[in-house]
Every structure is written in C-alpha cells, then in structure tokens.
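Working notes, beginning with the structure itself.
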Amino acid sequence: MIQTAFESSKDVDLILFVIEADSKKIGKGDNIILDKIREAKKPTILVINKIDLIKKEELLKLIEMYSKEYDFEAVIPISATSGDNNEELLEEIEKCLPEGPKYYDEDVYTDQTIKDIVEETIREKALRLLDDEVPHGIYVEVQKIKKGKTMEQKPIFNIEAVIVCQRESHKGIIIGKGGSKLKQIGTYSREDLEKILGEKVNLKTWVKVRKDWQDDDQIIKKYKIDN
C-alpha cells in the first residue's frame, strides 16, 4: 500500500501528508515520506490529526518543526473524532486542485447508487467505532430502501441493512452490551445519511455471521479487501 502511494504520487494533483499531533519529532518514516514529496514536486497540504489530545503550545511547535522541512501549501490541524477544521481542510483542498472537465451535472455529486452510499456509510461508521476490536472483515448488505412519508407528511427513507461479520465473537462486539454499539453505529450512520440524502432517514440495522463471505469475489472486489 505504501509503495503504491509513493509510485502514484507523481501523477496526482495534490498530496495530503497526515501526521499525528502528539508527535514529538520527525521520525524516520516521516522523513522518507518528506523525501518522496520533494521528489514528486506536487502541491502538498500538511494535515495534523488528533489536535484534541494536545495543548496549543505543542501544536505550534509541531507546525514550526515541519514547516522548516518543507514549504507546504497549507497546514491544517484537525480532529477526526470531533470534526474540528474538517470543512477548512476541504476548502483548502478545493483551492489547490486544478479545474477539470465537467463529467456530471452540477446537482450530481456522485455516480454511486443510494444503496452503495448507504452500505459504505454504515461500514465506515462500524469500522471507525469498533477500532481494532473487529478486523476489517465486515461488510454491509442493504435489504430494503423505500421512500415514504412521516406523520407530518415529510419525505423519509426507510432503510434496513445487515452488517455481516465472520465470527460469532465479532457479532457480540458489534452489537455491544445491550445493543449499545450497534445503536451507536446506526445513529452516526443515520445522521450522515440524512446530510447526504437531504431527507429524514429511518435506519434499522442487524448483525449476522457468514464465515465464508470472503470467498465471494464480488464482495471482495467491491470493498477491495485483501484475503
């Protein structure tokens, strides 16, 4: 994966160099990445994640240390957990990217189906909330998407989806005590989907075990999962 990133850096329009805010020095690995960035000669944004874990003085020292090593287009401190400065990062990315041909109408922001969006959103939330407790061996199947009306006659998407894992032990972790983890995954997924779809969402999720699902080539190709 790292080698692929290095090789493709020469063909990209913009590089995001992500480091953690609690770094005390520029390590060997980061120096290698900086060398590759210099070789690529591409606009680069330094993204400093986990700023919620350090003091402002420490952050300023880190910014100064990395700024001496390379002339970044911008330095954006963020917190992936709280969402701090995520919008600022997107704005800076947009500024740095060249204008390209218009492949879709202005009101079309993705060529994915609603089903694809739902499945990827739920899987992303599950993996993020489960951290390292469950390997990446999960995928999501949407069972139903039906548009209806709320009691106030407002449009709503009624969605049912299943999170599929490989082991019974993983199923228990995904569900959590009293269903707490599954509820959390569902809540965060619903909030994101309502923003993406622009409508209210009623989301129901279940968990099931399918031990052999990684033998299904279509699923592996869809999620680009390594066996």
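As shown in the structure tokens, the chain order sets the letters A, B, ...; within each chain, residues go from 1, and ligands are also counted from 1 in the order they appear.
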List every residue of stretch 118-181 of chain A that has an atom at most 7 Å from any atom of stretch 189-198 of chain A, giving for each one its closest atom pair and the distance in Å to one decimal, counting only C-alpha atoms, sorted by chain and then by ascending residue number, as JSON lines.
```
{"residue": "A:Thr121", "atom": "CA", "partner": "A:Ser189", "partner_atom": "CA", "distance": 6.1}
{"residue": "A:Ile122", "atom": "CA", "partner": "A:Ser189", "partner_atom": "CA", "distance": 5.4}
{"residue": "A:Lys125", "atom": "CA", "partner": "A:Ser189", "partner_atom": "CA", "distance": 6.3}
```
Need to verify the contact set: A:Ile159, 6 Å, only C-alpha atoms, exclusion of same-chain residues closer than 4 positions in sequence. Can you return it as a PyMOL selection string?
chain A and resi 144-145+203
Store the residues picked out above, limited to N, CA and C atoms, as a PDB file, in the first residue's frame.
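Produced file result11.pdb, reproduced below:
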```
ATOM      1  N   LYS A 144     -33.360  -3.301   2.235  1.00  0.00           N
ATOM      2  CA  LYS A 144     -34.554  -2.568   1.781  1.00  0.00           C
ATOM      3  C   LYS A 144     -34.287  -1.069   1.807  1.00  0.00           C
ATOM      4  N   ILE A 145     -34.691  -0.392   0.749  1.00  0.00           N
ATOM      5  CA  ILE A 145     -34.732   1.075   0.714  1.00  0.00           C
ATOM      6  C   ILE A 145     -36.085   1.467   0.132  1.00  0.00           C
ATOM      7  N   LEU A 203     -33.449   4.238   9.924  1.00  0.00           N
ATOM      8  CA  LEU A 203     -32.490   3.174   9.642  1.00  0.00           C
ATOM      9  C   LEU A 203     -32.579   2.062  10.680  1.00  0.00           C
TER      10      LEU A 203
END
```
Give me every helix (DSSP H, G or I) residue in chain A, going by DSSP on the backbone, as a ChimeraX atom specification.
/A:2-11,28-40,51-53,56-67,86-96,114-130,168-175,177-197,213-215,217-223
Keeping only C-alpha atoms, write the selected residues to a file as a compact mmCIF listing (two decimals), in the first residue's frame.
```
# COMPACT_ATOMS: atom_id res chain seq x y z
CA ILE A 2 2.81 2.41 0.95
CA GLN A 3 4.75 1.61 -2.22
CA THR A 4 1.62 2.16 -4.31
CA ALA A 5 1.14 5.57 -2.68
CA PHE A 6 4.74 6.52 -3.41
CA GLU A 7 4.51 5.40 -7.03
CA SER A 8 1.23 7.22 -7.69
CA SER A 9 2.37 10.50 -6.07
CA LYS A 10 3.96 11.62 -9.37
CA ASP A 11 0.59 11.51 -11.15
CA LYS A 28 12.46 8.04 10.15
CA GLY A 29 9.26 7.09 8.34
CA ASP A 30 8.10 10.70 8.08
CA ASN A 31 11.48 11.76 6.72
CA ILE A 32 11.15 9.12 3.99
CA ILE A 33 7.71 10.49 3.11
CA LEU A 34 9.06 14.05 3.01
CA ASP A 35 11.80 12.92 0.61
CA LYS A 36 9.17 11.35 -1.65
CA ILE A 37 7.10 14.55 -1.53
CA ARG A 38 10.16 16.56 -2.58
CA GLU A 39 10.75 14.14 -5.46
CA ALA A 40 7.12 14.36 -6.61
CA ILE A 51 -5.34 18.09 17.93
CA ASP A 52 -7.84 17.41 20.71
CA LEU A 53 -5.11 15.44 22.53
CA LYS A 56 -1.94 24.75 21.66
CA GLU A 57 1.73 25.40 22.50
CA GLU A 58 2.68 21.86 21.48
CA LEU A 59 0.76 22.22 18.22
CA LEU A 60 2.58 25.43 17.33
CA LYS A 61 5.95 23.76 17.94
CA LEU A 62 4.95 20.86 15.68
CA ILE A 63 3.83 23.20 12.90
CA GLU A 64 7.10 25.13 13.14
CA MET A 65 9.17 21.92 13.07
CA TYR A 66 7.51 20.57 9.90
CA SER A 67 7.34 23.96 8.17
CA ASN A 86 -12.76 19.33 8.55
CA GLU A 87 -14.57 21.96 6.49
CA GLU A 88 -11.44 24.12 6.40
CA LEU A 89 -9.48 21.15 5.08
CA LEU A 90 -12.00 20.52 2.30
CA GLU A 91 -11.92 24.21 1.33
CA GLU A 92 -8.12 24.19 1.17
CA ILE A 93 -8.15 21.02 -0.96
CA GLU A 94 -10.58 22.68 -3.37
CA LYS A 95 -8.32 25.75 -3.64
CA CYS A 96 -5.30 23.62 -4.55
CA ILE A 114 -28.20 5.19 -2.91
CA LYS A 115 -27.65 1.54 -1.97
CA ASP A 116 -23.88 1.93 -2.43
CA ILE A 117 -23.83 5.11 -0.36
CA VAL A 118 -25.80 3.51 2.48
CA GLU A 119 -23.60 0.41 2.58
CA GLU A 120 -20.35 2.36 2.53
CA THR A 121 -21.57 4.84 5.17
CA ILE A 122 -22.61 2.12 7.61
CA ARG A 123 -19.40 0.14 7.04
CA GLU A 124 -17.25 3.24 7.57
CA LYS A 125 -19.02 4.08 10.85
CA ALA A 126 -18.77 0.48 12.05
CA LEU A 127 -15.04 0.23 11.37
CA ARG A 128 -14.36 3.61 12.96
CA LEU A 129 -16.36 2.89 16.13
CA LEU A 130 -15.02 -0.64 16.52
CA GLU A 168 -19.81 -15.16 16.45
CA SER A 169 -17.36 -13.37 18.75
CA HIS A 170 -17.29 -10.43 16.32
CA LYS A 171 -21.09 -10.34 16.25
CA GLY A 172 -21.20 -9.81 20.02
CA ILE A 173 -18.66 -6.98 19.81
CA ILE A 174 -20.55 -5.22 17.00
CA ILE A 175 -23.85 -5.44 18.91
CA LYS A 177 -23.73 -4.61 25.70
CA GLY A 178 -27.49 -4.27 25.49
CA GLY A 179 -27.14 -3.36 21.79
CA SER A 180 -25.25 -0.15 22.64
CA LYS A 181 -22.56 -0.39 19.97
CA LEU A 182 -24.98 -1.29 17.18
CA LYS A 183 -27.21 1.59 18.24
CA GLN A 184 -24.24 3.95 18.10
CA ILE A 185 -23.28 2.73 14.62
CA GLY A 186 -26.88 3.20 13.49
CA THR A 187 -27.19 6.68 14.96
CA TYR A 188 -23.98 8.02 13.39
CA SER A 189 -24.83 6.38 10.05
CA ARG A 190 -28.33 7.86 10.06
CA GLU A 191 -27.01 11.35 10.82
CA ASP A 192 -24.56 11.19 7.92
CA LEU A 193 -27.11 9.70 5.53
CA GLU A 194 -29.62 12.45 6.29
CA LYS A 195 -26.98 15.03 5.33
CA ILE A 196 -26.04 13.14 2.16
CA LEU A 197 -29.59 12.32 1.01
CA TRP A 213 -18.16 -14.37 2.75
CA GLN A 214 -14.55 -13.52 1.87
CA ASP A 215 -14.72 -16.25 -0.78
CA ASP A 217 -15.28 -12.39 -5.42
CA GLN A 218 -17.96 -9.73 -5.98
CA ILE A 219 -17.83 -8.58 -2.36
CA ILE A 220 -14.02 -8.62 -2.26
CA LYS A 221 -13.86 -6.55 -5.45
CA LYS A 222 -16.44 -4.07 -4.19
CA TYR A 223 -14.66 -3.32 -0.92
```
Which distance in Å separates atom CA of A:Glu199 and atom CA of A:Gly83, to one decimal?
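Distance between the two atoms: 21.9 Å.
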Measure the distance from atom CA of A:Glu69 to atom CA of A:Val47 in Å and round it to one decimal.
14.6 Å
Choose the residue, out of A:Asn85, A:Ala21, A:Asn202, A:Ile76, that has the smallest atom-to-atom separation from A:Lys55; count only C-alpha atoms.
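Using only C-alpha atoms, A:Lys55 sits closest to A:Ala21.
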DSSP says strand (DSSP E or B) for which residues of stretch 149-210 of chain A? Put them as an MDAnalysis selection string?
chainID A and resid 149 155:165 200:209
Output C-alpha atoms for every residue in that selection, as a PDB file, in the first residue's frame.
```
ATOM      1  CA  LYS A 149     -43.818   9.864   4.420  1.00  0.00           C
ATOM      2  CA  PRO A 155     -40.383  12.519   2.847  1.00  0.00           C
ATOM      3  CA  ILE A 156     -38.356   9.833   4.625  1.00  0.00           C
ATOM      4  CA  PHE A 157     -36.124   6.952   3.558  1.00  0.00           C
ATOM      5  CA  ASN A 158     -36.932   3.683   5.334  1.00  0.00           C
ATOM      6  CA  ILE A 159     -33.758   1.615   5.190  1.00  0.00           C
ATOM      7  CA  GLU A 160     -32.953  -1.853   6.521  1.00  0.00           C
ATOM      8  CA  ALA A 161     -29.373  -3.136   6.455  1.00  0.00           C
ATOM      9  CA  VAL A 162     -27.343  -6.057   7.775  1.00  0.00           C
ATOM     10  CA  ILE A 163     -23.741  -5.877   8.984  1.00  0.00           C
ATOM     11  CA  VAL A 164     -22.102  -9.177   8.061  1.00  0.00           C
ATOM     12  CA  CYS A 165     -19.101 -10.492  10.019  1.00  0.00           C
ATOM     13  CA  LYS A 200     -35.050  12.134   7.000  1.00  0.00           C
ATOM     14  CA  VAL A 201     -33.850   8.554   7.395  1.00  0.00           C
ATOM     15  CA  ASN A 202     -35.321   5.697   9.413  1.00  0.00           C
ATOM     16  CA  LEU A 203     -32.490   3.174   9.642  1.00  0.00           C
ATOM     17  CA  LYS A 204     -32.714  -0.337  11.074  1.00  0.00           C
ATOM     18  CA  THR A 205     -29.594  -2.481  11.334  1.00  0.00           C
ATOM     19  CA  TRP A 206     -28.919  -6.103  12.244  1.00  0.00           C
ATOM     20  CA  VAL A 207     -25.790  -8.245  12.520  1.00  0.00           C
ATOM     21  CA  LYS A 208     -25.316 -11.735  11.097  1.00  0.00           C
ATOM     22  CA  VAL A 209     -22.413 -14.169  10.781  1.00  0.00           C
TER      23      VAL A 209
END
```
Could you check the closest approach to A:Val142 for each of A:Arg167, A:Gly100, A:Thr113, A:Lys50 and tell me which residue wins, using only C-alpha atoms?
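Under the stated criterion, the closest residue is A:Thr113.
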Can you work out the spacing between atom CA of A:Lys25 and atom CA of A:Ser79 in Å, to one decimal?
19.6 Å
